[in-house]
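Asks: Enclosed is the structure file protein.csv (CSV, C-alpha atoms).
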```csv
chain,number,residue,atom,x,y,z
A,17,MET,CA,4.9,-11.1,-3.9
A,18,LYS,CA,3.9,-11.5,-0.2
A,19,SER,CA,1.0,-9.6,1.3
A,20,PHE,CA,0.0,-9.5,5.0
A,21,THR,CA,-2.9,-7.6,6.5
A,22,GLU,CA,-3.5,-6.7,10.1
A,23,TYR,CA,-5.9,-4.3,11.9
A,24,LEU,CA,-5.2,-2.2,14.9
A,25,TRP,CA,-8.1,-1.1,17.2
A,26,PHE,CA,-8.3,2.1,19.2
A,27,HIS,CA,-10.8,3.2,21.8
A,28,THR,CA,-9.5,6.4,23.4
A,29,SER,CA,-10.7,7.7,26.7
A,30,LYS,CA,-10.5,11.3,25.5
A,31,ARG,CA,-12.0,13.0,22.5
A,32,ARG,CA,-8.5,13.9,21.1
A,33,GLU,CA,-5.4,11.8,21.5
A,34,PHE,CA,-2.1,11.2,19.9
A,35,ILE,CA,-1.0,7.5,20.1
A,36,LEU,CA,2.5,6.4,19.2
A,37,ILE,CA,2.2,3.2,17.1
A,38,THR,CA,5.7,2.7,15.6
A,39,ASN,CA,6.3,-0.5,17.6
A,40,GLU,CA,2.9,-2.0,16.6
A,41,VAL,CA,3.6,-1.4,12.9
A,42,ALA,CA,7.2,-2.8,13.3
A,43,ASP,CA,5.8,-6.0,14.9
A,44,ILE,CA,3.3,-6.5,12.1
A,45,VAL,CA,6.1,-6.0,9.5
A,46,GLN,CA,8.2,-8.6,11.3
A,47,GLN,CA,5.3,-11.1,11.4
A,48,SER,CA,4.7,-10.5,7.6
A,49,GLY,CA,8.2,-11.9,6.8
A,50,VAL,CA,8.6,-9.1,4.2
A,51,LYS,CA,12.2,-8.0,3.8
A,52,GLU,CA,11.9,-5.5,1.0
A,53,GLY,CA,8.6,-3.6,0.4
A,54,ILE,CA,6.2,-1.2,2.0
A,55,ALA,CA,3.7,-1.1,4.8
A,56,LEU,CA,0.5,1.0,4.2
A,57,VAL,CA,-0.9,2.3,7.5
A,58,SER,CA,-4.3,3.9,7.0
A,59,ALA,CA,-7.0,5.2,9.4
A,60,MET,CA,-10.3,3.6,8.4
A,61,HIS,CA,-12.5,6.1,10.3
A,62,ILE,CA,-12.9,9.5,8.8
A,63,THR,CA,-12.2,11.6,11.9
A,64,ALA,CA,-8.7,10.1,12.6
A,65,SER,CA,-5.3,10.5,11.0
A,66,ILE,CA,-2.0,8.6,10.6
A,67,TYR,CA,1.1,10.8,10.3
A,68,VAL,CA,4.9,10.6,10.8
A,69,ASN,CA,6.7,13.1,13.0
A,70,ASP,CA,8.6,13.6,16.2
A,71,ALA,CA,7.7,11.8,19.5
A,72,GLU,CA,8.1,15.0,21.6
A,73,ASP,CA,5.4,16.1,24.1
A,74,GLY,CA,5.8,19.8,23.4
A,75,LEU,CA,5.4,19.3,19.7
A,76,LEU,CA,2.3,17.1,20.2
A,77,ASN,CA,0.9,20.0,22.2
A,78,ASP,CA,1.8,22.5,19.4
A,79,ILE,CA,0.2,20.3,16.8
A,80,ALA,CA,-3.0,20.1,18.8
A,81,GLN,CA,-3.2,23.8,19.3
A,82,TRP,CA,-2.4,24.5,15.6
A,83,LEU,CA,-5.1,22.1,14.5
A,84,GLU,CA,-7.6,23.8,16.8
A,85,LYS,CA,-6.7,27.2,15.2
A,86,LEU,CA,-7.0,26.0,11.6
A,87,ALA,CA,-10.0,23.7,12.1
A,88,PRO,CA,-11.8,24.8,15.2
A,89,PHE,CA,-14.2,22.7,17.3
A,90,GLY,CA,-17.6,24.1,17.9
A,91,LEU,CA,-18.2,26.1,14.8
A,92,PRO,CA,-21.7,25.8,13.2
A,93,TYR,CA,-20.6,23.3,10.5
A,94,LYS,CA,-23.3,22.3,8.1
A,95,HIS,CA,-22.3,18.7,8.8
A,96,HIS,CA,-23.9,19.2,12.2
A,97,GLN,CA,-27.4,19.3,10.7
A,98,THR,CA,-27.0,15.5,10.6
A,99,GLY,CA,-26.9,15.4,14.4
A,100,GLU,CA,-23.1,15.1,14.5
A,101,ASP,CA,-20.8,17.6,16.3
A,102,ASN,CA,-17.5,16.5,14.8
A,103,GLY,CA,-17.2,18.7,11.7
A,104,ASP,CA,-13.8,19.9,13.0
A,105,ALA,CA,-12.5,16.3,13.3
A,106,HIS,CA,-13.2,15.7,9.6
A,107,LEU,CA,-11.2,18.8,8.7
A,108,LYS,CA,-8.4,17.9,11.0
A,109,ARG,CA,-8.1,14.5,9.4
A,110,LEU,CA,-7.9,16.1,6.0
A,111,LEU,CA,-5.2,18.5,7.1
A,112,MET,CA,-3.1,15.9,8.7
A,113,GLY,CA,-3.7,13.1,6.2
A,114,HIS,CA,-5.1,9.7,6.9
A,115,GLN,CA,-2.3,7.3,5.8
A,116,VAL,CA,1.4,6.8,5.4
A,117,ILE,CA,3.5,4.4,3.5
A,118,ILE,CA,6.5,3.1,5.5
A,119,PRO,CA,9.3,1.7,3.4
A,120,ILE,CA,10.7,-1.7,4.5
A,121,THR,CA,14.4,-2.4,3.9
A,122,ASN,CA,16.3,-5.5,5.2
A,123,GLY,CA,13.2,-6.6,7.1
A,124,LYS,CA,12.9,-3.3,9.1
A,125,LEU,CA,10.9,-0.1,8.9
A,126,ASP,CA,13.2,2.3,7.0
A,127,LEU,CA,12.5,5.4,9.0
A,128,GLY,CA,14.7,8.5,9.6
A,129,PRO,CA,16.3,9.1,13.0
A,130,TRP,CA,13.3,10.9,14.5
A,131,GLU,CA,10.5,9.6,12.4
A,132,GLN,CA,7.7,8.0,14.5
A,133,ILE,CA,4.3,6.8,13.4
A,134,TYR,CA,1.3,8.3,15.2
A,135,TYR,CA,-2.4,7.6,15.3
A,136,ALA,CA,-4.2,10.9,15.9
A,137,GLU,CA,-7.7,10.7,17.2
A,138,PHE,CA,-10.0,13.8,16.8
A,139,ASP,CA,-13.3,12.3,17.8
A,140,GLY,CA,-12.7,9.4,20.0
A,141,GLN,CA,-14.4,7.5,22.9
A,142,ARG,CA,-15.5,4.8,20.5
A,143,ARG,CA,-13.9,1.9,18.7
A,144,LYS,CA,-12.0,2.7,15.6
A,145,ARG,CA,-9.7,0.7,13.2
A,146,VAL,CA,-6.5,1.2,11.4
A,147,ILE,CA,-5.4,-1.1,8.6
A,148,VAL,CA,-1.7,-2.1,8.2
A,149,LYS,CA,-1.1,-3.8,4.9
A,150,VAL,CA,2.4,-5.1,4.1
A,151,LEU,CA,3.5,-5.8,0.6
A,152,GLY,CA,6.8,-7.0,-0.7
A,153,GLU,CA,9.1,-10.0,-0.9
B,10,MET,CA,8.7,-8.5,-7.7
B,11,LYS,CA,11.7,-6.2,-8.0
B,12,SER,CA,12.7,-3.7,-5.4
B,13,PHE,CA,15.3,-1.0,-5.6
B,14,THR,CA,16.2,1.5,-2.9
B,15,GLU,CA,18.3,4.7,-3.1
B,16,TYR,CA,18.8,7.7,-0.9
B,17,LEU,CA,19.1,11.3,-1.9
B,18,TRP,CA,21.0,13.7,0.3
B,19,PHE,CA,20.4,17.4,0.7
B,20,HIS,CA,22.3,20.1,2.5
B,21,THR,CA,20.7,23.4,1.7
B,22,SER,CA,22.6,26.7,2.1
B,23,LYS,CA,19.3,28.5,3.2
B,24,ARG,CA,16.9,27.6,6.0
B,25,ARG,CA,14.0,27.2,3.5
B,26,GLU,CA,14.4,25.9,0.0
B,27,PHE,CA,12.4,24.2,-2.7
B,28,ILE,CA,14.5,21.8,-4.8
B,29,LEU,CA,13.2,20.1,-8.0
B,30,ILE,CA,14.0,16.4,-7.9
B,31,THR,CA,12.0,14.9,-10.8
B,32,ASN,CA,15.1,14.0,-12.8
B,33,GLU,CA,16.8,12.4,-9.8
B,34,VAL,CA,13.8,10.2,-9.2
B,35,ALA,CA,13.5,9.3,-12.9
B,36,ASP,CA,17.1,8.3,-12.9
B,37,ILE,CA,16.6,6.0,-9.9
B,38,VAL,CA,13.5,4.4,-11.6
B,39,GLN,CA,15.6,3.8,-14.7
B,40,GLN,CA,18.4,2.1,-12.7
B,41,SER,CA,15.8,-0.1,-11.0
B,42,GLY,CA,14.7,-1.7,-14.2
B,43,VAL,CA,11.1,-1.6,-13.0
B,44,LYS,CA,8.6,-1.2,-15.9
B,45,GLU,CA,5.3,-1.3,-14.0
B,46,GLY,CA,5.1,-0.3,-10.4
B,47,ILE,CA,5.5,2.6,-8.0
B,48,ALA,CA,8.3,4.8,-6.6
B,49,LEU,CA,7.9,5.9,-3.0
B,50,VAL,CA,9.7,9.2,-2.4
B,51,SER,CA,9.7,10.1,1.3
B,52,ALA,CA,11.5,12.7,3.4
B,53,MET,CA,13.3,11.0,6.3
B,54,HIS,CA,13.7,14.2,8.4
B,55,ILE,CA,10.7,15.6,10.1
B,56,THR,CA,11.1,19.2,9.0
B,57,ALA,CA,11.1,18.6,5.3
B,58,SER,CA,8.4,17.7,2.7
B,59,ILE,CA,8.1,15.9,-0.6
B,60,TYR,CA,5.2,17.1,-2.8
B,61,VAL,CA,4.1,17.2,-6.5
B,62,ASN,CA,3.2,20.5,-8.1
B,63,ASP,CA,4.2,23.1,-10.7
B,64,ALA,CA,7.8,24.2,-11.4
B,65,GLU,CA,6.9,27.9,-11.6
B,66,ASP,CA,8.9,30.4,-9.6
B,67,GLY,CA,5.9,32.6,-8.8
B,68,LEU,CA,4.0,29.6,-7.4
B,69,LEU,CA,7.0,28.5,-5.2
B,70,ASN,CA,6.9,32.0,-3.8
B,71,ASP,CA,3.2,31.8,-3.1
B,72,ILE,CA,3.6,28.4,-1.4
B,73,ALA,CA,6.3,29.8,0.8
B,74,GLN,CA,4.3,32.9,1.8
B,75,TRP,CA,1.2,30.7,2.4
B,76,LEU,CA,3.0,28.3,4.6
B,77,GLU,CA,4.4,31.2,6.6
B,78,LYS,CA,0.9,32.5,7.2
B,79,LEU,CA,-0.6,29.1,8.2
B,80,ALA,CA,2.5,27.9,10.2
B,81,PRO,CA,4.5,31.0,11.2
B,82,PHE,CA,8.1,30.9,12.2
B,83,GLY,CA,9.1,32.5,15.5
B,84,LEU,CA,6.0,31.8,17.6
B,85,PRO,CA,6.6,30.5,21.2
B,86,TYR,CA,6.0,26.8,20.3
B,87,LYS,CA,6.2,24.5,23.2
B,88,HIS,CA,8.6,22.4,21.2
B,89,HIS,CA,11.1,25.2,21.6
B,90,GLN,CA,11.5,24.3,25.3
B,91,THR,CA,13.8,21.5,24.1
B,92,GLY,CA,16.2,24.1,22.7
B,93,GLU,CA,14.9,23.8,19.1
B,94,ASP,CA,13.6,26.8,17.2
B,95,ASN,CA,11.9,24.8,14.4
B,96,GLY,CA,8.4,24.2,15.6
B,97,ASP,CA,7.1,25.9,12.5
B,98,ALA,CA,9.1,23.6,10.2
B,99,HIS,CA,7.4,20.5,11.8
B,100,LEU,CA,4.0,22.0,11.1
B,101,LYS,CA,4.9,23.0,7.6
B,102,ARG,CA,5.9,19.4,6.8
B,103,LEU,CA,2.6,18.2,8.2
B,104,LEU,CA,0.7,20.6,6.0
B,105,MET,CA,2.6,19.8,2.8
B,106,GLY,CA,3.0,16.0,3.4
B,107,HIS,CA,6.2,14.1,3.6
B,108,GLN,CA,5.9,11.6,0.8
B,109,VAL,CA,4.5,10.9,-2.6
B,110,ILE,CA,4.0,7.7,-4.6
B,111,ILE,CA,4.9,8.1,-8.3
B,112,PRO,CA,3.3,5.6,-10.6
B,113,ILE,CA,5.7,3.9,-13.1
B,114,THR,CA,4.2,2.9,-16.5
B,115,ASN,CA,6.2,1.5,-19.4
B,116,GLY,CA,9.4,2.1,-17.4
B,117,LYS,CA,8.8,5.9,-16.9
B,118,LEU,CA,7.3,8.1,-14.2
B,119,ASP,CA,3.7,8.4,-15.1
B,120,LEU,CA,3.2,12.1,-14.2
B,121,GLY,CA,0.7,14.6,-15.5
B,122,PRO,CA,1.8,17.4,-17.9
B,123,TRP,CA,2.9,19.8,-15.2
B,124,GLU,CA,3.5,17.5,-12.3
B,125,GLN,CA,7.0,17.9,-10.9
B,126,ILE,CA,8.5,16.4,-7.7
B,127,TYR,CA,9.8,18.8,-5.1
B,128,TYR,CA,11.9,18.5,-2.0
B,129,ALA,CA,10.8,21.3,0.4
B,130,GLU,CA,13.3,22.1,3.1
B,131,PHE,CA,11.9,24.1,6.1
B,132,ASP,CA,14.9,23.8,8.5
B,133,GLY,CA,18.0,23.3,6.4
B,134,GLN,CA,21.7,24.1,6.6
B,135,ARG,CA,22.3,20.5,7.6
B,136,ARG,CA,22.5,17.1,5.9
B,137,LYS,CA,19.1,15.4,5.4
B,138,ARG,CA,18.0,12.3,3.5
B,139,VAL,CA,15.1,11.2,1.3
B,140,ILE,CA,14.4,7.6,0.5
B,141,VAL,CA,13.3,6.5,-3.0
B,142,LYS,CA,12.0,3.0,-3.0
B,143,VAL,CA,11.0,1.4,-6.3
B,144,LEU,CA,8.7,-1.6,-6.3
B,145,GLY,CA,7.3,-3.4,-9.3
B,146,GLU,CA,8.2,-5.7,-12.1
C,20,MET,CA,3.0,-9.5,-9.3
C,21,LYS,CA,0.1,-8.2,-11.3
C,22,SER,CA,-0.2,-4.5,-12.4
C,23,PHE,CA,-3.1,-2.8,-14.0
C,24,THR,CA,-3.4,0.8,-15.0
C,25,GLU,CA,-6.5,2.9,-15.9
C,26,TYR,CA,-7.2,6.6,-16.3
C,27,LEU,CA,-10.3,8.4,-15.3
C,28,TRP,CA,-11.2,11.7,-17.2
C,29,PHE,CA,-13.1,14.6,-15.7
C,30,HIS,CA,-14.5,17.7,-17.3
C,31,THR,CA,-16.5,19.6,-14.7
C,32,SER,CA,-19.1,22.2,-15.6
C,33,LYS,CA,-18.2,24.3,-12.6
C,34,ARG,CA,-14.9,25.7,-11.4
C,35,ARG,CA,-15.0,23.7,-8.1
C,36,GLU,CA,-16.7,20.3,-7.7
C,37,PHE,CA,-16.5,17.3,-5.5
C,38,ILE,CA,-17.1,14.0,-7.4
C,39,LEU,CA,-17.6,10.7,-5.7
C,40,ILE,CA,-15.4,8.0,-7.5
C,41,THR,CA,-15.5,5.0,-5.1
C,42,ASN,CA,-17.5,2.9,-7.6
C,43,GLU,CA,-15.2,3.7,-10.5
C,44,VAL,CA,-12.1,2.7,-8.5
C,45,ALA,CA,-13.8,-0.5,-7.3
C,46,ASP,CA,-14.6,-1.4,-10.9
C,47,ILE,CA,-11.0,-0.9,-12.0
C,48,VAL,CA,-9.8,-3.1,-9.1
C,49,GLN,CA,-12.3,-5.8,-10.1
C,50,GLN,CA,-11.1,-5.7,-13.8
C,51,SER,CA,-7.5,-5.9,-12.5
C,52,GLY,CA,-8.1,-9.3,-11.0
C,53,VAL,CA,-5.9,-8.3,-8.0
C,54,LYS,CA,-7.0,-10.0,-4.8
C,55,GLU,CA,-4.4,-8.7,-2.4
C,56,GLY,CA,-2.6,-5.4,-3.0
C,57,ILE,CA,-3.1,-1.7,-3.4
C,58,ALA,CA,-4.7,0.8,-5.7
C,59,LEU,CA,-3.0,4.2,-6.2
C,60,VAL,CA,-5.5,6.9,-7.1
C,61,SER,CA,-3.6,10.1,-8.1
C,62,ALA,CA,-4.8,13.4,-9.6
C,63,MET,CA,-2.5,14.1,-12.6
C,64,HIS,CA,-3.4,17.8,-12.8
C,65,ILE,CA,-1.9,20.2,-10.3
C,66,THR,CA,-5.1,22.0,-9.3
C,67,ALA,CA,-7.2,18.9,-8.3
C,68,SER,CA,-7.1,16.5,-5.3
C,69,ILE,CA,-8.0,13.0,-4.4
C,70,TYR,CA,-9.1,12.4,-0.8
C,71,VAL,CA,-11.0,9.9,1.3
C,72,ASN,CA,-13.8,11.1,3.6
C,73,ASP,CA,-17.5,11.1,4.1
C,74,ALA,CA,-20.2,11.3,1.4
C,75,GLU,CA,-22.3,13.8,3.2
C,76,ASP,CA,-23.5,17.0,1.5
C,77,GLY,CA,-23.2,19.2,4.5
C,78,LEU,CA,-19.6,18.2,5.0
C,79,LEU,CA,-18.7,18.8,1.4
C,80,ASN,CA,-20.0,22.3,1.9
C,81,ASP,CA,-17.9,22.7,5.1
C,82,ILE,CA,-14.8,21.5,3.3
C,83,ALA,CA,-15.4,23.9,0.4
C,84,GLN,CA,-15.8,26.9,2.8
C,85,TRP,CA,-12.9,25.8,4.9
C,86,LEU,CA,-10.6,25.6,1.8
C,87,GLU,CA,-11.8,29.1,0.7
C,88,LYS,CA,-10.8,30.5,4.1
C,89,LEU,CA,-7.4,28.8,4.2
C,90,ALA,CA,-6.5,29.3,0.5
C,91,PRO,CA,-8.7,32.1,-0.8
C,92,PHE,CA,-9.5,32.6,-4.5
C,93,GLY,CA,-8.7,36.1,-5.9
C,94,LEU,CA,-5.7,37.1,-3.9
C,95,PRO,CA,-2.8,38.7,-5.9
C,96,TYR,CA,-0.8,35.4,-6.1
C,97,LYS,CA,2.6,35.8,-7.8
C,98,HIS,CA,1.7,32.8,-9.9
C,99,HIS,CA,-0.9,35.0,-11.6
C,100,GLN,CA,1.9,37.0,-13.3
C,101,THR,CA,2.0,34.0,-15.8
C,102,GLY,CA,-1.5,34.9,-16.9
C,103,GLU,CA,-3.2,32.2,-14.7
C,104,ASP,CA,-5.8,33.0,-12.1
C,105,ASN,CA,-5.7,29.7,-10.2
C,106,GLY,CA,-3.1,30.2,-7.5
C,107,ASP,CA,-5.7,29.3,-4.9
C,108,ALA,CA,-6.4,26.0,-6.6
C,109,HIS,CA,-2.7,24.9,-6.4
C,110,LEU,CA,-2.7,25.7,-2.7
C,111,LYS,CA,-6.0,23.8,-2.2
C,112,ARG,CA,-4.6,20.7,-3.9
C,113,LEU,CA,-1.5,20.9,-1.6
C,114,LEU,CA,-3.8,21.2,1.5
C,115,MET,CA,-6.0,18.3,0.5
C,116,GLY,CA,-3.4,16.0,-1.0
C,117,HIS,CA,-3.4,14.7,-4.5
C,118,GLN,CA,-3.4,10.9,-4.0
C,119,VAL,CA,-4.5,8.1,-1.9
C,120,ILE,CA,-3.6,4.4,-1.6
C,121,ILE,CA,-6.6,2.1,-1.2
C,122,PRO,CA,-5.8,-1.3,0.3
C,123,ILE,CA,-7.3,-4.3,-1.6
C,124,THR,CA,-8.2,-7.4,0.5
C,125,ASN,CA,-10.1,-10.4,-0.8
C,126,GLY,CA,-10.5,-8.7,-4.1
C,127,LYS,CA,-12.3,-5.7,-2.7
C,128,LEU,CA,-11.5,-2.1,-1.6
C,129,ASP,CA,-10.7,-2.4,2.1
C,130,LEU,CA,-12.3,0.8,3.2
C,131,GLY,CA,-13.8,1.8,6.6
C,132,PRO,CA,-17.6,2.1,7.0
C,133,TRP,CA,-17.8,5.7,5.9
C,134,GLU,CA,-14.7,6.0,3.8
C,135,GLN,CA,-15.5,7.2,0.2
C,136,ILE,CA,-13.0,8.3,-2.5
C,137,TYR,CA,-13.5,11.8,-3.9
C,138,TYR,CA,-12.1,13.7,-6.8
C,139,ALA,CA,-12.0,17.4,-5.8
C,140,GLU,CA,-11.7,19.9,-8.7
C,141,PHE,CA,-10.5,23.4,-7.9
C,142,ASP,CA,-10.0,24.8,-11.4
C,143,GLY,CA,-12.3,22.9,-13.7
C,144,GLN,CA,-14.1,23.4,-16.9
C,145,ARG,CA,-11.4,21.6,-18.8
C,146,ARG,CA,-10.4,18.0,-19.3
C,147,LYS,CA,-8.3,16.5,-16.5
C,148,ARG,CA,-7.0,13.0,-15.7
C,149,VAL,CA,-6.6,10.7,-12.7
C,150,ILE,CA,-4.5,7.6,-12.8
C,151,VAL,CA,-5.6,4.5,-11.0
C,152,LYS,CA,-2.8,1.9,-10.7
C,153,VAL,CA,-3.5,-1.4,-9.2
C,154,LEU,CA,-0.6,-3.6,-7.9
C,155,GLY,CA,-0.8,-6.9,-6.2
C,156,GLU,CA,-1.4,-10.6,-6.8
```
Hey, can you dump this file as structure tokens for me?

Replies:
Amino acid sequence: MKSFTEYLWFHTSKRREFILITNEVADIVQQSGVKEGIALVSAMHITASIYVNDAEDGLLNDIAQWLEKLAPFGLPYKHHQTGEDNGDAHLKRLLMGHQVIIPITNGKLDLGPWEQIYYAEFDGQRRKRVIVKVLGE
Amino acid sequence: MKSFTEYLWFHTSKRREFILITNEVADIVQQSGVKEGIALVSAMHITASIYVNDAEDGLLNDIAQWLEKLAPFGLPYKHHQTGEDNGDAHLKRLLMGHQVIIPITNGKLDLGPWEQIYYAEFDGQRRKRVIVKVLGE
Amino acid sequence: MKSFTEYLWFHTSKRREFILITNEVADIVQQSGVKEGIALVSAMHITASIYVNDAEDGLLNDIAQWLEKLAPFGLPYKHHQTGEDNGDAHLKRLLMGHQVIIPITNGKLDLGPWEQIYYAEFDGQRRKRVIVKVLGE
């Protein structure tokens, strides 16, 4: 079994951002030399998500609005008694999930026709990390 | 390490459907010959989910109603400016998740007593695909 | 490829509880001898979750309140016609997810600075099981 680990770093200029990372993950899989296996892509900071969906600007907008409705910024979260103001960002990560597994077939990401991998930042403007771990043969 | 990849195809007659696929996944695992490992089951279309929960009709109804409340059909989603009308289906997939990993122990799916694998379609009436990738030994 | 499987048992005194299990998972990974790979941690009962987030009491409180708002206890769920009263607990598990994959690098859980693994019980006071399956080399 082969394994290969790489880390992606993000430092967004805005508090909330959606960043397309399909190509970065594909590059890491190619470097790994793995032909059949999986790539785990996992956000290592607890106010960011990794998810797979469409690369369409209208939809990104819809997702952002929807998250704001279901996990609003600015409520008096108990977590804020620690001095933080990002309670909503923790909940948004929980709702969207923090990791995906991408299947690798014939040396390539085995994604559906519109599947794209996104990093979703909910409390940015600082350096954060994503692990990409490739396993297979 | 062994790997084995199969695709399941779905073409639902209704827009929204829950389809039990535990047996199909178990069959693929058996064909793979893997005794210890994992099976990744992942919806390749971005308006469908894979999840694990109870095979109980009342609950399926509850899940459908709950999703309709949290991610309603028919709102003026920005995504609809592309000509689509399935903004809700993208959000439903995000809420329910699009993939699960089933552990394989002694050649069998290692599921809890009531765990069943479901394909959830939120924008059907067309052909869609699910990848099942088995890895192990 | 090495594989190693262990089960954790939980029997909470309260209906809803959050239990930190990072150390238990780390111990199992150490026992497995796997240096590079993954650990699947998956709740085998359909009214419990596994998730990764902060070990901060205020946040745990926020998560509990938020789940109660999005998937309330005590509604007339159709699932209750079977005699159960835990429809909300099924929905809470779906919202929070039932499994995580922890990357293993250099023999250790490769978690971010504040990432902690939690078992979330939504319908406790009975014995329930979590599988931890380690794969790698």

Asks: Could you work out which residues of chain A fall inside 6 Å of chain C? Count all atoms listed in the file, and format the result as a list in words.

Replies: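 Residues of chain A within 6 Å of chain C, counting all atoms listed in the file: Met17, Met60, His61, Ile62, Lys94 and His95 of chain A.
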
Asks: Taking (-14.6, 10.1, -2.3) in the file's coordinates as the center, which residues reach within 6 Å of it, counting all atoms listed in the file, put as a PyMOL selection string?

Replies: chain C and resi 39-41+71+135-137

Asks: Hey, what's within 8 Å of Arg32 of chain A if we count all atoms listed in the file and toss same-chain stuff fewer than 4 positions away? As a PyMOL selection string, please?

Replies: chain A and resi 28+136-140

Asks: Keeping only C-alpha atoms, take the residues you just selected and write them out as a compact mmCIF listing (two decimals), keeping the file's coordinate frame.

Replies:
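For reference, out.txt as written:
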```
# COMPACT_ATOMS: atom_id res chain seq x y z
CA THR A 28 -9.50 6.40 23.40
CA ALA A 136 -4.20 10.90 15.90
CA GLU A 137 -7.70 10.70 17.20
CA PHE A 138 -10.00 13.80 16.80
CA ASP A 139 -13.30 12.30 17.80
CA GLY A 140 -12.70 9.40 20.00
```

Asks: Do you have the atom CA of Leu110 of chain C-atom CA of Arg148 of chain C distance handy?

Replies: 18.7 Å

Asks: To one decimal place, how far is atom CA of Ala62 of chain C from atom CA of Ser58 of chain A in Å?

Replies: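 Spanning atom CA of Ala62 of chain C to atom CA of Ser58 of chain A is a straight-line distance of 19.1 Å.
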
Asks: Go ahead and compute the interatomic distance for atom CA of Trp25 of chain A and atom CA of Asn125 of chain C, in Å to one decimal.

Replies: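 The value is 20.4 Å.
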
Asks: Which residues are close to Val50 of chain B, i.e. within 6 Å by only C-alpha atoms, leaving aside same-chain residues fewer than 6 positions away? Reply as a ChimeraX atom specification.

Replies: /B:108-109,140-141

Asks: Please produce a file of those selected residues containing C-alpha atoms, as a PDB file, in the frame of the given file.

Replies:
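Dumped everything to out.pdb:
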```
ATOM      1  CA  GLN B 108       5.900  11.600   0.800  1.00  0.00           C
ATOM      2  CA  VAL B 109       4.500  10.900  -2.600  1.00  0.00           C
ATOM      3  CA  ILE B 140      14.400   7.600   0.500  1.00  0.00           C
ATOM      4  CA  VAL B 141      13.300   6.500  -3.000  1.00  0.00           C
TER       5      VAL B 141
END
```

Asks: Between B:Phe82, B:Ala35, B:Ser22, B:Gly96, single out the one closest to Leu49 of chain B, counting all atoms listed in the file.

Replies: B:Ala35
